[in-house]
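Please read the structure below before turning to the comments.
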Amino acid sequence: MSNVITVARRELGVFFSSTLFWVIATAFMLFGGLLFTLYIQSPQAQATMMPLLSLYGTVLLFVTPLMAMRLLAEEQRSGTLELLMTSPVQDWQVVMGKWLGAFAALLSLMALTLSHVFVMSRLSEKGLDLGPMLSSYLGLALLCAALLALGVLTSSVTESQVVAGFLGVMLVLVLWFLSILNQIGSEAAWVKGVAYMGLSDHYMHFGDGLIDTRDVIYFLTLTFGCLFLATRILETRRWR
Amino acid sequence: MDMAQEPSNASRGARGEPMIEVERLTRYYGPVPAINDVSFTAHKGEIVGFLGPNGAGKTTTMRMLTGYLPPSSGTARIAGHDIVNDSMAARKLIGYLPESTPLYPEMTVSDYLHFMARLRGVKDRGAAVERVMSQVSIDHRADDLIGHLSKGFRQRVGIAQALVHDPKLIILDEPTIGLDPRQIREVRELIAELRGDHTVLLSTHILPEAQQLCDRILIIKRGQIVAEDTTEGLTARLGGGEQVRVGLGRSVPAAEMRAALDKVRGVTEVTGDGDSYTVTVQPATDARAAIAAAVVGNGWPLVELNLSRLTLEDVFLELTASDTAEEAMEAEMVTEEEAD
Ligand SMILES: Nc1ncnc2c1ncn2[C@@H]1O[C@H](COP(=O)(O)OP(=O)(O)O)[C@@H](O)[C@H]1O
Ligand SMILES: [Mg+2]
């Protein structure tokens, strides 16, 4: 575990000292803040977490591939991965550490969104319910975890950050919108099955204050499945 | 005999315990073997050089020893730990500098070394980082970003990270490649200072570098070790010994000369005739005095007596001599490069 933390700490430090991260952070707050302001001024604004949740989710679809694309691709390009992987550290610890560092950086960014929640709670008379708010933030954290793991996965297959980022966005968008299949009203089992793999429905469930273990399991499976795959890919890339 | 005066460093090393034991190591990339059935041993305290032209398989071998590449077949042990089955224990003993000196340009020297020390499980990291930074004379750049350093300084940082956990074995893949002559000298001095405390395996395609730094040289060509010996031994073995040129003031019949010199200890062959002879003697037996005595004792006027050693460069060229003219030229170019 301490090896994972060591790798993660370095990664976190790199994020906080990188321009890209602060550009992302600024864009996130500006863009998110703008949409938020427009929303709370609109007549149908309600003091619930639902709209905020979908707002952050949409932004994250683009932010996470940007953050994760560098993680393994750049180490493979520059050769630093060779030093990591010849240190007394298991391959999965490297992958896990990279993901954890990015996750910590992204969570710190998400913490900024608490300001939106605060504003919203002051605007409504009875304030926000604590329950939906906590469940929403759990959903948000799980979404961040899964999207970053997808980014780590695409970053493991190539030495090019650009390719990794592009693959990441494609994969994330496809997964996100699979849920739309639920709305075509088909009862076919395969349609239901494929739609169930979609991200957005599982994610939006967290908005109403109820935590369904199936949703939690979905996100955890996705996260650790991707990290496992990324580890295997790094291994087989050396085997060739 | 006093150890310090022992002429052959390898015989000193051979008394130590084995640090690297490689047995029939083979590695394929696709259908082509990059390393084929390679076996060797490096002992504690030795500096062993891997000498060979580009593409010979030096990097591939080092990557297997450090646990980066799995071997296709064969085994290797680092201080008794199998590199596949006991990889973590083996890795703990190794400090490794890969070929292109991969570093993180966005980190400072000190942060980077702390990171590497932590990865290798060093307890007192502050002291360890201080120690290696002063060892490679980079203390004054501790807070600089690695990306801002010159190539020579980056190479020192690369060596520092290989030393930070005070490993028993240091593996350096072409540590002087791409440096300017002054930087090359500095790096070589650093490596020479490691002698004794650590076992060092270094690879190079530059002959004088191997001659200067290594106790023992393994010449590797197309994935196989074609020669393995001490610098002196290798030269002697290939030439079949040292040669002494004998020049006389007047002509002497070859038969008489042969009869006289065959009695001298160490002489294996006498060629030539008239006033000029070439005497081959066994390696490392400087028989010049005895030859001179024999010649003069017969009343022949001795006017010239020269010991000519084959240089390792001759050995290298001969051993790696290629089938095609193109390859031969390439091999020649690397031996001529940079005679320091
Ligand atoms: N990843 C790889 N895939 C395929 N072939 C490789 C790979 N790495 C090295 N080789 C080949 O293996 C041989 C040995 O390479 P290498 O170990 O790098 O030699 P050296 O370090 O002595 O220059 C070369 O012919 C090289 O082309
Ligand atoms: Mg090489």
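In the structure tokens, the first chain shown is A, the next is B, and so on; residue numbers restart at 1 for each chain, and ligands run from 1 in the order shown.
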At a cut-off of 8 Å and counting only C-alpha atoms and all ligand atoms, what residues surround ligand 1? Please answer as a PDB file with N, CA and C atoms, in the first residue's frame.
```pdb
ATOM      1  N   ARG A 238       5.106  -5.344 -22.539  1.00  0.00           N
ATOM      2  CA  ARG A 238       6.498  -5.701 -22.334  1.00  0.00           C
ATOM      3  C   ARG A 238       6.811  -7.107 -22.847  1.00  0.00           C
ATOM      4  N   ARG A 240       5.836  -8.611 -25.489  1.00  0.00           N
ATOM      5  CA  ARG A 240       6.022  -8.800 -26.924  1.00  0.00           C
ATOM      6  C   ARG A 240       7.485  -8.841 -27.325  1.00  0.00           C
TER       7      ARG A 240
ATOM      8  N   TYR B  29      12.290 -11.468 -29.632  1.00  0.00           N
ATOM      9  CA  TYR B  29      11.289 -10.470 -30.039  1.00  0.00           C
ATOM     10  C   TYR B  29      10.655 -11.047 -31.293  1.00  0.00           C
ATOM     11  N   GLY B  30       9.448 -11.498 -31.205  1.00  0.00           N
ATOM     12  CA  GLY B  30       8.886 -12.205 -32.346  1.00  0.00           C
ATOM     13  C   GLY B  30       9.682 -13.484 -32.569  1.00  0.00           C
ATOM     14  N   VAL B  32      12.730 -13.657 -33.768  1.00  0.00           N
ATOM     15  CA  VAL B  32      14.177 -13.420 -33.775  1.00  0.00           C
ATOM     16  C   VAL B  32      14.710 -13.343 -32.351  1.00  0.00           C
ATOM     17  N   PRO B  33      15.750 -14.110 -32.024  1.00  0.00           N
ATOM     18  CA  PRO B  33      16.320 -13.964 -30.687  1.00  0.00           C
ATOM     19  C   PRO B  33      17.216 -12.730 -30.607  1.00  0.00           C
ATOM     20  N   ALA B  34      16.947 -11.851 -29.638  1.00  0.00           N
ATOM     21  CA  ALA B  34      17.823 -10.701 -29.427  1.00  0.00           C
ATOM     22  C   ALA B  34      18.986 -11.130 -28.541  1.00  0.00           C
ATOM     23  N   ILE B  35      18.722 -12.102 -27.682  1.00  0.00           N
ATOM     24  CA  ILE B  35      19.736 -12.671 -26.789  1.00  0.00           C
ATOM     25  C   ILE B  35      19.566 -14.172 -26.863  1.00  0.00           C
ATOM     26  N   GLY B  52      29.838  -4.231 -26.961  1.00  0.00           N
ATOM     27  CA  GLY B  52      29.325  -4.777 -28.208  1.00  0.00           C
ATOM     28  C   GLY B  52      28.730  -3.683 -29.057  1.00  0.00           C
ATOM     29  N   PRO B  53      28.660  -3.933 -30.361  1.00  0.00           N
ATOM     30  CA  PRO B  53      28.104  -2.927 -31.269  1.00  0.00           C
ATOM     31  C   PRO B  53      26.609  -2.725 -31.019  1.00  0.00           C
ATOM     32  N   ASN B  54      26.052  -1.690 -31.603  1.00  0.00           N
ATOM     33  CA  ASN B  54      24.621  -1.431 -31.436  1.00  0.00           C
ATOM     34  C   ASN B  54      23.802  -2.608 -31.933  1.00  0.00           C
ATOM     35  N   GLY B  55      22.749  -2.927 -31.187  1.00  0.00           N
ATOM     36  CA  GLY B  55      21.886  -4.032 -31.587  1.00  0.00           C
ATOM     37  C   GLY B  55      22.394  -5.391 -31.157  1.00  0.00           C
ATOM     38  N   ALA B  56      23.477  -5.423 -30.374  1.00  0.00           N
ATOM     39  CA  ALA B  56      24.053  -6.704 -29.969  1.00  0.00           C
ATOM     40  C   ALA B  56      23.191  -7.417 -28.931  1.00  0.00           C
ATOM     41  N   GLY B  57      22.413  -6.645 -28.172  1.00  0.00           N
ATOM     42  CA  GLY B  57      21.558  -7.260 -27.158  1.00  0.00           C
ATOM     43  C   GLY B  57      21.918  -6.856 -25.738  1.00  0.00           C
ATOM     44  N   LYS B  58      22.702  -5.791 -25.579  1.00  0.00           N
ATOM     45  CA  LYS B  58      23.108  -5.348 -24.248  1.00  0.00           C
ATOM     46  C   LYS B  58      21.903  -4.878 -23.438  1.00  0.00           C
ATOM     47  N   THR B  59      21.115  -3.993 -24.044  1.00  0.00           N
ATOM     48  CA  THR B  59      19.952  -3.449 -23.341  1.00  0.00           C
ATOM     49  C   THR B  59      18.955  -4.551 -22.989  1.00  0.00           C
ATOM     50  N   THR B  60      18.726  -5.451 -23.935  1.00  0.00           N
ATOM     51  CA  THR B  60      17.788  -6.542 -23.691  1.00  0.00           C
ATOM     52  C   THR B  60      18.217  -7.364 -22.472  1.00  0.00           C
ATOM     53  N   THR B  61      19.499  -7.678 -22.393  1.00  0.00           N
ATOM     54  CA  THR B  61      19.995  -8.450 -21.255  1.00  0.00           C
ATOM     55  C   THR B  61      19.782  -7.698 -19.946  1.00  0.00           C
ATOM     56  N   GLU B  99      19.028   3.101 -20.555  1.00  0.00           N
ATOM     57  CA  GLU B  99      19.857   3.651 -21.636  1.00  0.00           C
ATOM     58  C   GLU B  99      19.692   5.152 -21.857  1.00  0.00           C
ATOM     59  N   ASP B 173      23.295   1.275 -18.274  1.00  0.00           N
ATOM     60  CA  ASP B 173      23.205   0.983 -19.706  1.00  0.00           C
ATOM     61  C   ASP B 173      23.730   2.171 -20.508  1.00  0.00           C
ATOM     62  N   SER B 203      27.256  -1.248 -19.739  1.00  0.00           N
ATOM     63  CA  SER B 203      27.344  -1.601 -21.150  1.00  0.00           C
ATOM     64  C   SER B 203      27.898  -0.416 -21.906  1.00  0.00           C
ATOM     65  N   HIS B 205      29.473   0.663 -26.153  1.00  0.00           N
ATOM     66  CA  HIS B 205      29.969   0.232 -27.449  1.00  0.00           C
ATOM     67  C   HIS B 205      31.307   0.902 -27.732  1.00  0.00           C
ATOM     68  N   ILE B 220      29.953  -8.941 -26.605  1.00  0.00           N
ATOM     69  CA  ILE B 220      28.684  -9.523 -27.032  1.00  0.00           C
ATOM     70  C   ILE B 220      28.423  -9.107 -28.468  1.00  0.00           C
ATOM     71  N   ARG B 222      25.627  -9.968 -31.700  1.00  0.00           N
ATOM     72  CA  ARG B 222      24.410 -10.613 -32.187  1.00  0.00           C
ATOM     73  C   ARG B 222      23.795 -11.562 -31.154  1.00  0.00           C
ATOM     74  N   GLY B 223      23.660 -11.053 -29.947  1.00  0.00           N
ATOM     75  CA  GLY B 223      22.948 -11.824 -28.937  1.00  0.00           C
ATOM     76  C   GLY B 223      23.743 -12.917 -28.274  1.00  0.00           C
TER      77      GLY B 223
END
```
Test item: chain B residues at most 10 Å from chain A, counting only C-alpha atoms, as an MDAnalysis selection string = chainID B and resid 28:30 63:72 87:104 106:107 111:112 115:121 161:162
Computed interatomic separation between atom CA of Gly74 of chain B and atom CA of Ile225 of chain B (Å) |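 We find that atom CA of Gly74 of chain B and atom CA of Ile225 of chain B lie 14.9 Å from each other.
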If you measure from atom CA of Val174 of chain A to atom CA of Ser200 of chain A, what distance in Å do you get, rounded to one decimal?
-> 10.5 Å
Separating atom CA of Leu30 of chain A from atom CA of Ser42 of chain A, to the nearest tenth of an Å, is a gap of 18.4 Å
Residue contacts of segment 183-199 of chain A (9 Å, only C-alpha atoms) excluding same-chain residues fewer than 4 positions away, as a PyMOL selection string = chain A and resi 143+172+174-179+203-204+218-219
Hey, what's within 12 Å of Ser110 of chain B if we count only C-alpha atoms and toss same-chain stuff fewer than 2 positions away? As an NGL selection string, please?
-> :B and (104 or 106-108 or 112-117 or 125-134 or 138-146 or 157 or 160-161 or 164)
Determine the nearest neighbour of Asp129 of chain A from the options A:Met110, A:Gly168, A:Asp208, A:Phe28, counting only C-alpha atoms.
->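 Of all the options, A:Asp208 lies closest to Asp129 of chain A.
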Which residue gives the smallest distance to ligand 2 among B:Asp86, B:Glu174, B:Asp215, B:Asp273, with only C-alpha atoms and all ligand atoms counted?
->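 The answer is B:Glu174, which sits nearest to ligand 2.
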Do a neighbour search on segment 47-64 of chain A at 7 Å with only C-alpha atoms, toss out local chain neighbours closer than 2 positions, and write the hits as a list in words.
-> Ile24, Ala45, Leu66, Met67, Ala68, Met120, Ser121, Ser124, Leu128, Pro132, Met133, Ser136, Leu147, Leu148, Gly151, Val169, Val172, Leu173 and Gly207 of chain A
Could you give me the residues within segment 33-244 of chain B that DSSP places in strand (DSSP E), as number ranges by chain?
-> B: 33-43, 47-51, 73-78, 81-82, 94-97, 169-173, 199-204, 216-221, 224-230, 242-244
From the list B:Gly80, B:Pro175, B:Gly272, B:Pro167, which residue is nearest ligand 2 when using only C-alpha atoms and all ligand atoms?
-> B:Pro175
Could you give me, as a PyMOL selection string, the residues within 12 Å of Glu189 of chain B, counting only C-alpha atoms and dropping anything in the same chain fewer than 6 positions from it?
-> chain B and resi 135-137+156+175-176+182-183+195+209+212-213
Atoms to include: C-alpha atoms. Write the selected residues as an mmCIF file, in the first residue's frame.
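Writing the result to selection_13.cif gives the following:
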```cif
data_model
loop_
_atom_site.group_PDB
_atom_site.id
_atom_site.type_symbol
_atom_site.label_atom_id
_atom_site.label_comp_id
_atom_site.auth_asym_id
_atom_site.auth_seq_id
_atom_site.Cartn_x
_atom_site.Cartn_y
_atom_site.Cartn_z
ATOM 1 C CA GLN B 135 28.562 11.957 -4.308
ATOM 2 C CA VAL B 136 27.674 13.076 -7.841
ATOM 3 C CA SER B 137 28.278 16.782 -7.017
ATOM 4 C CA ARG B 156 24.448 12.645 -12.747
ATOM 5 C CA PRO B 175 26.075 5.671 -19.179
ATOM 6 C CA THR B 176 28.196 8.006 -21.306
ATOM 7 C CA ARG B 182 34.311 16.541 -20.486
ATOM 8 C CA GLN B 183 31.031 15.111 -19.226
ATOM 9 C CA ARG B 195 34.804 0.200 -7.511
ATOM 10 C CA GLU B 209 35.687 3.030 -22.005
ATOM 11 C CA GLN B 212 39.528 2.032 -18.745
ATOM 12 C CA LEU B 213 36.728 1.103 -16.340
#
```
Sel. of alpha helix (DSSP H) residues, segment 181-237 of chain A, as number ranges by chain = A: 189-196, 199-204, 213-237
